[in-house]
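K.L.:
Hey, dropping structure-v8.cif in here, mmCIF, C-alpha atoms and all ligand atoms:
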```cif
data_entry
loop_
_atom_site.label_atom_id
_atom_site.label_comp_id
_atom_site.auth_asym_id
_atom_site.auth_seq_id
_atom_site.Cartn_x
_atom_site.Cartn_y
_atom_site.Cartn_z
CA MET G 372 138.48 158.57 45.47
CA ALA G 373 137.56 162.15 46.25
CA THR G 374 138.56 163.38 49.68
CA ALA G 375 135.94 163.94 52.38
CA GLU G 376 136.65 167.69 52.19
CA GLN G 377 135.95 167.76 48.47
CA ILE G 378 132.68 165.92 48.89
CA LYS G 379 131.58 168.28 51.67
CA SER G 380 132.56 171.30 49.60
CA LEU G 381 130.58 170.02 46.61
CA ILE G 382 127.48 169.51 48.74
CA LYS G 383 127.79 172.90 50.45
CA SER G 384 128.35 174.82 47.23
CA HIS G 385 125.41 173.05 45.62
CA PHE G 386 123.03 174.10 48.39
CA SER G 387 124.31 177.67 48.51
CA ASP G 388 124.09 177.99 44.70
CA ASP G 389 127.79 178.81 44.64
CA VAL G 390 128.55 177.83 41.06
CA GLU G 391 132.12 179.13 41.17
CA ARG G 392 133.02 177.11 44.22
CA PHE G 393 131.26 174.05 42.84
CA THR G 394 133.26 174.32 39.61
CA THR G 395 136.57 174.87 41.39
CA THR G 396 135.98 171.86 43.64
CA ALA G 397 135.02 169.68 40.68
CA LEU G 398 138.25 170.67 38.93
CA GLN G 399 140.30 170.02 42.10
CA LEU G 400 138.66 166.65 42.23
CA ALA G 401 139.71 165.99 38.63
CA ALA G 402 143.30 166.99 39.47
CA HIS G 403 143.25 164.71 42.51
CA GLU G 404 142.05 161.79 40.40
CA ALA G 405 144.73 162.47 37.78
CA ASN G 406 147.40 162.35 40.55
CA GLN G 407 146.04 159.00 41.63
CA GLY G 408 146.59 157.71 38.13
CA HIS G 409 142.90 157.82 37.18
CA GLY G 410 143.46 159.79 34.00
CA ALA G 411 140.29 158.68 32.24
CA LEU G 412 138.08 159.69 35.16
CA ALA G 413 139.87 163.07 35.49
CA HIS G 414 139.31 163.68 31.81
CA GLU G 415 135.62 162.78 32.10
CA ILE G 416 135.10 165.18 35.03
CA ARG G 417 136.78 168.08 33.18
CA ASP G 418 134.66 167.31 30.17
CA ILE G 419 131.44 167.46 32.23
CA VAL G 420 132.51 170.81 33.73
CA ASP G 421 133.39 172.28 30.33
CA LYS G 422 130.11 171.20 28.78
CA ALA G 423 128.07 172.52 31.73
CA LYS G 424 129.90 175.87 31.50
CA ALA G 425 129.16 176.19 27.81
CA GLU G 426 125.53 175.20 28.39
CA ARG G 427 125.04 177.72 31.15
CA GLY G 428 125.34 180.48 28.67
CA ARG G 429 128.95 181.51 28.80
CA GLY G 430 129.48 180.28 32.36
CA VAL G 431 128.06 183.40 33.92
CA LEU G 432 125.18 182.13 36.06
CA LEU G 433 125.93 184.29 38.95
CA LYS G 434 126.40 184.04 42.64
CA PHE G 435 123.39 185.62 44.35
CA PRO G 436 123.83 187.45 47.57
CA GLN G 437 122.27 185.35 50.31
CA GLU G 438 119.60 188.02 50.94
CA LEU G 439 118.12 187.57 47.48
CA HIS G 440 117.68 183.81 47.63
CA GLY G 441 114.11 182.83 46.88
CA LEU G 442 113.41 186.32 45.57
CA VAL G 443 115.23 186.11 42.26
CA LEU G 444 115.09 183.03 40.05
CA SER G 445 117.63 182.45 37.30
CA GLU G 446 117.46 180.45 34.09
CA THR G 447 119.03 180.34 30.65
CA PRO G 448 116.05 180.06 28.30
CA GLN G 449 116.30 178.55 24.85
CA THR G 450 113.23 180.19 23.30
CA PRO G 451 113.81 181.42 19.73
CA ILE G 452 112.07 184.52 18.45
CA ALA G 453 110.48 182.44 15.70
CA SER G 454 108.29 180.66 18.25
CA LEU G 455 106.61 183.94 19.27
CA VAL G 456 103.36 184.54 17.40
CA LEU G 457 102.64 188.27 17.42
CA ALA G 458 101.42 191.10 15.26
CA GLU G 459 104.17 192.12 12.84
CA SER G 460 104.47 195.60 14.35
CA LEU G 461 105.12 194.15 17.80
CA ARG G 462 107.66 191.64 16.47
CA LYS G 463 109.54 194.50 14.80
CA ARG G 464 109.72 196.40 18.07
CA ILE G 465 111.12 193.33 19.83
CA GLN G 466 113.66 192.89 17.05
CA ARG G 467 114.63 196.53 17.44
CA ILE G 468 115.46 195.92 21.14
CA VAL G 469 117.74 193.03 20.11
CA HIS G 470 119.31 195.04 17.30
CA GLU G 471 120.04 198.10 19.47
CA TYR G 472 121.49 195.86 22.19
CA ARG G 473 123.85 194.22 19.70
CA GLN G 474 124.88 197.60 18.30
CA GLN G 475 125.11 199.40 21.64
CA TYR G 476 128.78 200.31 21.21
CA ARG G 477 128.06 202.07 17.93
CA LEU G 478 125.26 204.00 19.63
CA LYS G 479 127.50 204.87 22.58
CA THR G 480 130.07 206.53 20.38
CA HIS G 481 127.32 209.04 19.52
CA GLY G 482 126.30 209.49 23.14
CA LEU G 483 123.17 207.36 22.75
CA SER G 484 122.11 204.28 24.65
CA ASN G 485 120.22 201.21 23.49
CA ARG G 486 116.61 200.80 24.60
CA ARG G 487 116.66 198.48 27.57
CA LYS G 488 113.88 199.46 30.01
CA ILE G 489 110.73 197.86 28.67
CA LEU G 490 107.15 197.72 29.96
CA LEU G 491 104.92 194.94 28.60
CA ILE G 492 101.17 195.38 29.03
CA GLY G 493 98.44 192.94 28.06
CA PRO G 494 95.97 190.20 28.97
CA PRO G 495 97.12 186.91 30.54
CA GLY G 496 98.68 184.28 28.27
CA THR G 497 99.60 186.53 25.35
CA GLY G 498 103.38 186.14 25.48
CA LYS G 499 104.80 188.73 27.90
CA THR G 500 106.87 186.31 29.97
CA MET G 501 107.71 184.42 26.80
CA THR G 502 109.07 187.66 25.28
CA ALA G 503 111.46 188.04 28.24
CA ARG G 504 112.64 184.47 27.59
CA VAL G 505 113.09 185.18 23.89
CA LEU G 506 115.09 188.34 24.65
CA ALA G 507 117.37 186.50 27.08
CA HIS G 508 117.93 183.79 24.49
CA GLU G 509 118.52 186.22 21.61
CA LEU G 510 120.94 188.31 23.70
CA ARG G 511 122.64 185.16 25.01
CA THR G 512 122.28 186.28 28.62
CA PRO G 513 120.64 184.68 31.66
CA LEU G 514 117.08 185.58 32.64
CA TYR G 515 116.56 186.69 36.24
CA THR G 516 112.95 186.78 37.40
CA ILE G 517 112.13 188.90 40.42
CA GLN G 518 109.26 187.54 42.48
CA VAL G 519 107.47 190.84 42.89
CA ASP G 520 104.58 189.41 44.91
CA LYS G 521 107.04 188.00 47.47
CA LEU G 522 108.95 191.25 47.49
CA VAL G 523 105.92 193.18 48.68
CA THR G 524 104.29 190.59 50.93
CA LYS G 525 107.01 188.53 52.57
CA PHE G 526 109.42 191.45 52.80
CA MET G 527 106.94 194.17 53.67
CA GLY G 528 108.79 196.87 55.55
CA GLU G 529 112.11 196.09 53.87
CA THR G 530 110.90 196.14 50.28
CA ALA G 531 112.80 199.29 49.36
CA ALA G 532 116.02 197.84 50.80
CA LYS G 533 115.52 194.63 48.79
CA LEU G 534 114.89 196.68 45.67
CA ARG G 535 118.22 198.41 46.18
CA GLN G 536 119.95 195.02 46.38
CA ILE G 537 118.18 193.93 43.20
CA PHE G 538 119.30 197.06 41.36
CA ASP G 539 122.86 196.48 42.63
CA LEU G 540 122.65 193.03 41.07
CA ILE G 541 121.32 194.49 37.81
CA GLN G 542 124.39 196.74 37.70
CA ARG G 543 126.84 194.00 38.65
CA ALA G 544 125.57 191.00 36.69
CA GLN G 545 124.49 191.73 33.16
CA GLY G 546 121.30 189.93 32.15
CA VAL G 547 117.59 190.25 31.44
CA TYR G 548 115.72 191.16 34.65
CA LEU G 549 111.99 190.46 34.68
CA PHE G 550 109.62 192.11 37.18
CA GLU G 551 106.39 190.07 36.82
CA GLU G 552 103.04 191.47 38.00
CA PHE G 553 104.73 194.75 38.28
CA ASP G 554 101.55 196.59 39.32
CA ALA G 555 102.19 195.23 42.83
CA ILE G 556 104.94 197.86 43.15
CA GLY G 557 104.00 200.16 40.32
CA GLY G 558 100.51 200.84 41.67
CA GLU G 559 98.99 204.32 41.61
CA ARG G 560 100.40 206.25 44.54
CA SER G 561 97.04 207.76 45.31
CA LEU G 562 95.50 204.29 45.82
CA ASP G 563 97.88 203.76 48.66
CA ASN G 564 96.17 203.46 52.01
CA ASP G 565 98.97 201.66 53.69
CA VAL G 566 100.87 204.08 55.93
CA GLY G 567 103.04 205.18 53.07
CA GLU G 568 105.04 201.95 52.69
CA MET G 569 103.94 201.31 49.10
CA ARG G 570 104.46 204.95 48.22
CA ARG G 571 108.03 204.72 49.47
CA VAL G 572 108.56 201.51 47.51
CA LEU G 573 107.25 203.03 44.30
CA ASN G 574 109.32 206.18 44.80
CA SER G 575 112.43 204.03 45.32
CA PHE G 576 111.66 202.05 42.18
CA LEU G 577 111.20 205.23 40.17
CA GLN G 578 114.50 206.54 41.42
CA PHE G 579 116.39 203.26 40.87
CA ILE G 580 115.11 202.73 37.35
CA GLU G 581 115.79 206.33 36.42
CA THR G 582 119.40 206.27 37.62
CA ASP G 583 120.16 202.77 36.36
CA THR G 584 122.90 202.88 33.72
CA SER G 585 123.71 199.16 33.63
CA ASP G 586 124.07 196.99 30.53
CA SER G 587 121.12 194.83 31.63
CA LEU G 588 117.62 194.76 30.18
CA ILE G 589 114.86 195.57 32.67
CA ILE G 590 111.43 194.22 31.76
CA ALA G 591 108.25 194.83 33.73
CA THR G 592 104.95 193.12 32.91
CA THR G 593 101.38 193.82 33.95
CA ASN G 594 97.80 192.85 33.15
CA SER G 595 96.41 196.01 34.74
CA PRO G 596 97.81 199.16 33.14
CA ARG G 597 95.09 201.26 34.75
CA LEU G 598 96.63 200.53 38.13
CA LEU G 599 100.05 201.82 37.10
CA ASP G 600 101.25 205.15 38.31
CA LYS G 601 101.47 207.64 35.45
CA ALA G 602 104.98 208.68 36.54
CA LEU G 603 106.20 205.24 35.50
CA TYR G 604 105.60 205.38 31.79
CA ARG G 605 108.27 207.92 30.97
CA ARG G 606 110.89 205.86 32.83
CA PHE G 607 110.60 203.14 30.20
CA ASP G 608 112.24 203.29 26.77
CA ASP G 609 109.45 201.21 25.27
CA VAL G 610 105.88 200.36 26.25
CA LEU G 611 104.61 197.36 24.30
CA TYR G 612 100.94 196.38 24.19
CA TYR G 613 100.02 192.71 23.81
CA SER G 614 96.60 191.53 22.69
CA LEU G 615 94.68 188.33 22.09
CA PRO G 616 95.58 186.56 18.82
CA ASP G 617 93.68 187.35 15.62
CA ASP G 618 92.55 184.55 13.29
CA SER G 619 95.79 184.31 11.36
CA ASP G 620 97.80 184.31 14.62
CA LYS G 621 95.64 181.44 15.87
CA ILE G 622 96.30 179.36 12.77
CA ARG G 623 100.04 180.12 12.87
CA LEU G 624 100.16 179.12 16.54
CA MET G 625 98.39 175.82 15.91
CA GLU G 626 100.58 175.05 12.90
CA ASN G 627 103.71 175.78 14.92
CA ILE G 628 102.69 173.54 17.79
CA ALA G 629 100.90 170.67 16.11
CA GLY G 630 103.39 170.64 13.20
CA SER G 631 103.71 167.23 11.66
CA PHE G 632 100.72 165.91 13.63
CA LEU G 633 98.30 168.04 11.61
CA SER G 634 96.28 166.17 9.01
CA GLN G 635 96.79 167.19 5.40
CA GLN G 636 93.66 169.23 4.81
CA ILE G 637 92.43 171.24 7.77
CA GLU G 638 89.25 173.22 7.55
CA TRP G 639 90.59 176.15 9.58
CA LYS G 640 87.30 178.05 9.54
CA LYS G 641 85.68 175.29 11.56
CA VAL G 642 88.55 175.29 14.07
CA ILE G 643 88.85 179.07 14.46
CA LYS G 644 85.14 179.33 15.26
CA GLU G 645 85.84 177.51 18.53
CA ALA G 646 88.77 179.71 19.55
CA ALA G 647 86.96 183.01 19.95
CA GLY G 648 88.36 184.96 22.90
CA LEU G 649 91.07 182.42 23.74
CA SER G 650 94.61 183.56 24.51
CA HIS G 651 97.78 182.24 22.86
CA SER G 652 98.42 180.24 25.98
CA GLU G 653 95.00 178.55 25.96
CA ILE G 654 95.31 177.71 22.26
CA ASP G 655 98.79 176.34 22.92
CA LEU G 656 97.40 174.09 25.66
CA ALA G 657 94.42 172.95 23.53
CA CYS G 658 96.82 172.01 20.75
CA ARG G 659 98.96 169.95 23.09
CA ASP G 660 95.80 168.25 24.42
CA ALA G 661 94.89 167.35 20.83
CA ILE G 662 98.37 165.92 20.15
CA LYS G 663 98.21 163.82 23.32
CA GLN G 664 94.79 162.52 22.37
CA ALA G 665 96.02 161.68 18.87
CA ILE G 666 98.99 159.76 20.24
CA LEU G 667 97.05 157.85 22.87
CA SER G 668 94.15 156.95 20.59
CA ASP G 669 96.57 155.66 17.96
CA LEU G 670 95.10 158.07 15.41
CA GLN G 671 98.51 159.79 15.18
CA THR G 672 97.03 162.81 13.39
CA VAL G 673 95.26 165.90 14.65
CA ASP G 674 92.29 166.88 12.51
CA ALA G 675 89.89 169.81 12.58
CA SER G 676 87.27 168.18 14.74
CA LEU G 677 89.79 167.06 17.37
CA LEU G 678 91.23 170.59 17.55
CA ALA G 679 87.74 172.08 17.72
CA GLN G 680 86.83 169.75 20.57
CA MET G 681 89.93 170.63 22.62
CA LEU G 682 89.44 174.37 22.02
CA LYS G 683 85.83 174.06 23.19
CA GLU G 684 87.08 172.56 26.45
CA ARG G 685 89.41 175.55 26.96
CA LEU G 686 86.54 177.92 26.25
CA ALA G 687 84.25 176.33 28.81
CA PRO G 688 85.69 178.11 31.88
CA HIS G 689 85.16 181.47 30.12
CA GLN G 690 81.50 180.67 29.54
CA THR G 691 80.96 179.47 33.09
CA LEU G 692 82.57 182.65 34.41
CA SER G 693 80.42 184.92 32.28
CA GLU G 694 77.24 183.12 33.38
CA HIS G 695 77.97 183.84 37.07
N1 LIG J 1 102.49 185.26 21.56
C1 LIG J 1 102.72 183.95 21.77
N2 LIG J 1 103.26 183.18 20.81
C2 LIG J 1 103.48 181.86 21.02
N3 LIG J 1 103.18 181.23 22.17
C3 LIG J 1 102.62 181.94 23.17
C4 LIG J 1 102.38 183.33 23.02
N4 LIG J 1 101.82 183.78 24.16
C5 LIG J 1 101.74 182.74 24.99
N5 LIG J 1 102.23 181.62 24.41
C6 LIG J 1 102.29 180.28 25.05
O1 LIG J 1 101.67 180.36 26.31
C7 LIG J 1 102.60 180.21 27.39
C8 LIG J 1 102.31 181.20 28.49
O2 LIG J 1 102.46 182.53 28.00
P1 LIG J 1 103.16 183.71 28.85
O3 LIG J 1 103.59 183.15 30.15
O4 LIG J 1 104.19 184.36 28.01
O5 LIG J 1 101.92 184.66 29.05
P2 LIG J 1 101.90 186.08 29.79
O6 LIG J 1 101.50 187.11 28.78
O7 LIG J 1 103.17 186.29 30.50
O8 LIG J 1 100.69 185.86 30.81
P3 LIG J 1 100.46 186.46 32.30
O9 LIG J 1 99.98 187.87 32.11
O10 LIG J 1 99.41 185.57 32.87
O11 LIG J 1 101.77 186.37 33.01
C9 LIG J 1 103.95 180.45 26.73
O12 LIG J 1 104.97 179.75 27.42
C10 LIG J 1 103.74 179.88 25.34
O13 LIG J 1 103.80 178.47 25.35
MG MG J 2 103.67 186.37 32.55
#
```
Translate the structure described by the file into structure tokens.
Ligand SMILES: Nc1ncnc2c1ncn2[C@@H]1O[C@H](COP(=O)(O)OP(=O)(O)OP(=O)(O)O)[C@@H](O)[C@H]1O
Ligand SMILES: [Mg+2]
P.N.:
Amino acid sequence: MATAEQIKSLIKSHFSDDVERFTTTALQLAAHEANQGHGALAHEIRDIVDKAKAERGRGVLLKFPQELHGLVLSETPQTPIASLVLAESLRKRIQRIVHEYRQQYRLKTHGLSNRRKILLIGPPGTGKTMTARVLAHELRTPLYTIQVDKLVTKFMGETAAKLRQIFDLIQRAQGVYLFEEFDAIGGERSLDNDVGEMRRVLNSFLQFIETDTSDSLIIATTNSPRLLDKALYRRFDDVLYYSLPDDSDKIRLMENIAGSFLSQQIEWKKVIKEAAGLSHSEIDLACRDAIKQAILSDLQTVDASLLAQMLKERLAPHQTLSEH
């Protein structure tokens, strides 16, 4: 049996997100079991640790400083680039980010650096967050999401100090760092009516991002480009614009999601008619609704009228909103 100390250490390291300590304790536990003659159990424990390490993307899920708990979320996404439905020109620009990252050493020998500070602008549900996931997956690094709204509300007054800690982390732990709803800190300085706090925060951000020379990718997303301070744009290596899907994007999206559930002959015209103005995300949800309905009604296939019906439901809130 594990010692009381080992059990306590496991529990403590779990709750403080101390992956290194957790792993070390688990391995000590395996060694202890081996000494007790429980070879099979020791082997099983080591096996679990090895598999978890491999899973966690190269065993690098990092130890956050205590001050950033709740402010930065980490994950290792498994979202392939093929699942992103985008205009070809946009896809190429995303592929270029991946390509330059993979070839960064070749670029460095010529004094150049790979593009890694990226601003994503576009309406809700068009794939900005998903792009950050895809990039993390393609680059085989963790994704760290900074809760920008918390940063400016909960930590008002110490936002600039928190930002410094976040940029320290960006330097120290290589990964994809995502600043969602970035306009909360990137807002126009002239709109500031708040005793200069937001101006200071934005100035700090501008300075941090400008001087950052880490190997990490920094991604900021926003729905409201008009709110962004003009000084920001030139700090980014790339500004990518997302838009609602066109008809062929819509079909591709539905084919990707509904896959083998789709009936043989789909009259796409009839379906597309119901998807006017819907985002990728809403079409994605409508498709999943249709699959669920097909499964539960024992039909097992999704046809044009079922898709049309589910899309209509997703469109309803838009119509209600525009009537009021
Ligand atoms: N371009 C896309 N291709 C494929 N699926 C998409 C795309 N855009 C959105 N989706 C689907 O919708 C979900 C939500 O999209 P996502 O979170 O990326 O939107 P967003 O642009 O970040 O929106 P917001 O501005 O509200 O944060 C995704 O997880 C995915 O399932
Ligand atoms: Mg998003």
K.L.:
Considering only C-alpha atoms and all ligand atoms, can you say which of G:Glu626, G:Glu552, G:Glu509, G:Asp418 comes closest to ligand MG 2 (chain J)?
P.N.:
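Once distances to ligand MG 2 (chain J) are computed over only C-alpha atoms and all ligand atoms, the minimum belongs to G:Glu552.
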K.L.:
Using only C-alpha atoms and all ligand atoms, determine which residues fall within 8 Å of ligand LIG 1 (chain J), then list them as a list in words.
P.N.:
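Those within range of ligand LIG 1 (chain J) are Ser454, Leu455, Val456, Leu457, Gly493, Pro494, Pro495, Gly496, Thr497, Gly498, Lys499, Thr500, Met501, Thr502, Glu551, Glu552, Thr592, Thr593, Asn594, Tyr613, Pro616, Leu624, Ser650, His651, Ser652, Glu653, Ile654, Asp655 and Leu656 of chain G.
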K.L.:
G:Asp539, G:Ile492, G:Ser585, G:Asp674: which is nearest Phe553 in chain G, counting only C-alpha atoms?
P.N.:
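The closest residue to Phe553 in chain G is G:Ile492.
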K.L.:
What does the distance between CA of Ala646 in chain G and CA of Val673 in chain G come to in Å, to one decimal place?
P.N.:
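It comes out at 16.0 Å.
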K.L.:
Taking 3 positions as the minimum chain separation for residues in the same chain, which residues sit within 10 Å of Lys521 in chain G when counting all atoms listed in the file? Answer as a list in words.
P.N.:
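Residues meeting the cut-off are Gly441, Leu442, Val443, Ile517, Gln518, Thr524, Lys525, Phe526, Met527, Thr530 and Ala555 of chain G.
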K.L.:
Go ahead and save the picked residues with C-alpha atoms, as a PDB file, in the coordinates of the input.
P.N.:
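Final output, saved to selection-v9.pdb:
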```pdb
ATOM      1  CA  GLY G 441     114.110 182.830  46.880  1.00  0.00           C
ATOM      2  CA  LEU G 442     113.410 186.320  45.570  1.00  0.00           C
ATOM      3  CA  VAL G 443     115.230 186.110  42.260  1.00  0.00           C
ATOM      4  CA  ILE G 517     112.130 188.900  40.420  1.00  0.00           C
ATOM      5  CA  GLN G 518     109.260 187.540  42.480  1.00  0.00           C
ATOM      6  CA  THR G 524     104.290 190.590  50.930  1.00  0.00           C
ATOM      7  CA  LYS G 525     107.010 188.530  52.570  1.00  0.00           C
ATOM      8  CA  PHE G 526     109.420 191.450  52.800  1.00  0.00           C
ATOM      9  CA  MET G 527     106.940 194.170  53.670  1.00  0.00           C
ATOM     10  CA  THR G 530     110.900 196.140  50.280  1.00  0.00           C
ATOM     11  CA  ALA G 555     102.190 195.230  42.830  1.00  0.00           C
TER      12      ALA G 555
END
```
K.L.:
From the list G:Ile541, G:Glu459, G:Glu684, G:Ala591, which residue is nearest ligand MG 2 (chain J) when using all atoms listed in the file?
P.N.:
G:Ala591
K.L.:
In terms of the shortest atom-to-atom distance over all atoms listed in the file, which of G:Gln536, G:Gln542, G:Thr516, G:Gln690 is closest to ligand MG 2 (chain J)?
P.N.:
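Closest to ligand MG 2 (chain J) of all the choices is G:Thr516.
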K.L.:
Quick one, how far is CA of Thr450 in chain G from CA of Val610 in chain G?
P.N.:
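CA of Thr450 in chain G sits 21.7 Å away from CA of Val610 in chain G.
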K.L.:
Can you tell me which residues surround His403 in chain G at a distance of at most 8 Å, considering all atoms listed in the file, apart from same-chain residues fewer than 3 positions away, and format the answer as a PDB file with C-alpha atoms, in the frame of the given file?
P.N.:
```
ATOM      1  CA  ALA G 373     137.560 162.150  46.250  1.00  0.00           C
ATOM      2  CA  GLN G 399     140.300 170.020  42.100  1.00  0.00           C
ATOM      3  CA  LEU G 400     138.660 166.650  42.230  1.00  0.00           C
ATOM      4  CA  ASN G 406     147.400 162.350  40.550  1.00  0.00           C
ATOM      5  CA  GLN G 407     146.040 159.000  41.630  1.00  0.00           C
ATOM      6  CA  ALA G 413     139.870 163.070  35.490  1.00  0.00           C
TER       7      ALA G 413
END
```
K.L.:
Please list, as a list in words, the residues that have an atom at most 10 Å away from (121.7, 194.2, 29.5) in the coordinates of this file, counting all atoms listed in the file.
P.N.:
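Counting all atoms listed in the file, I find these residues within 10 Å of (121.7, 194.2, 29.5): Tyr472, Asn485, Arg486, Arg487, Lys488, Ala507, Leu510, Thr512, Pro513, Ile541, Gln542, Ala544, Gln545, Gly546, Val547, Tyr548, Thr584, Ser585, Asp586, Ser587, Leu588 and Ile589 of chain G.
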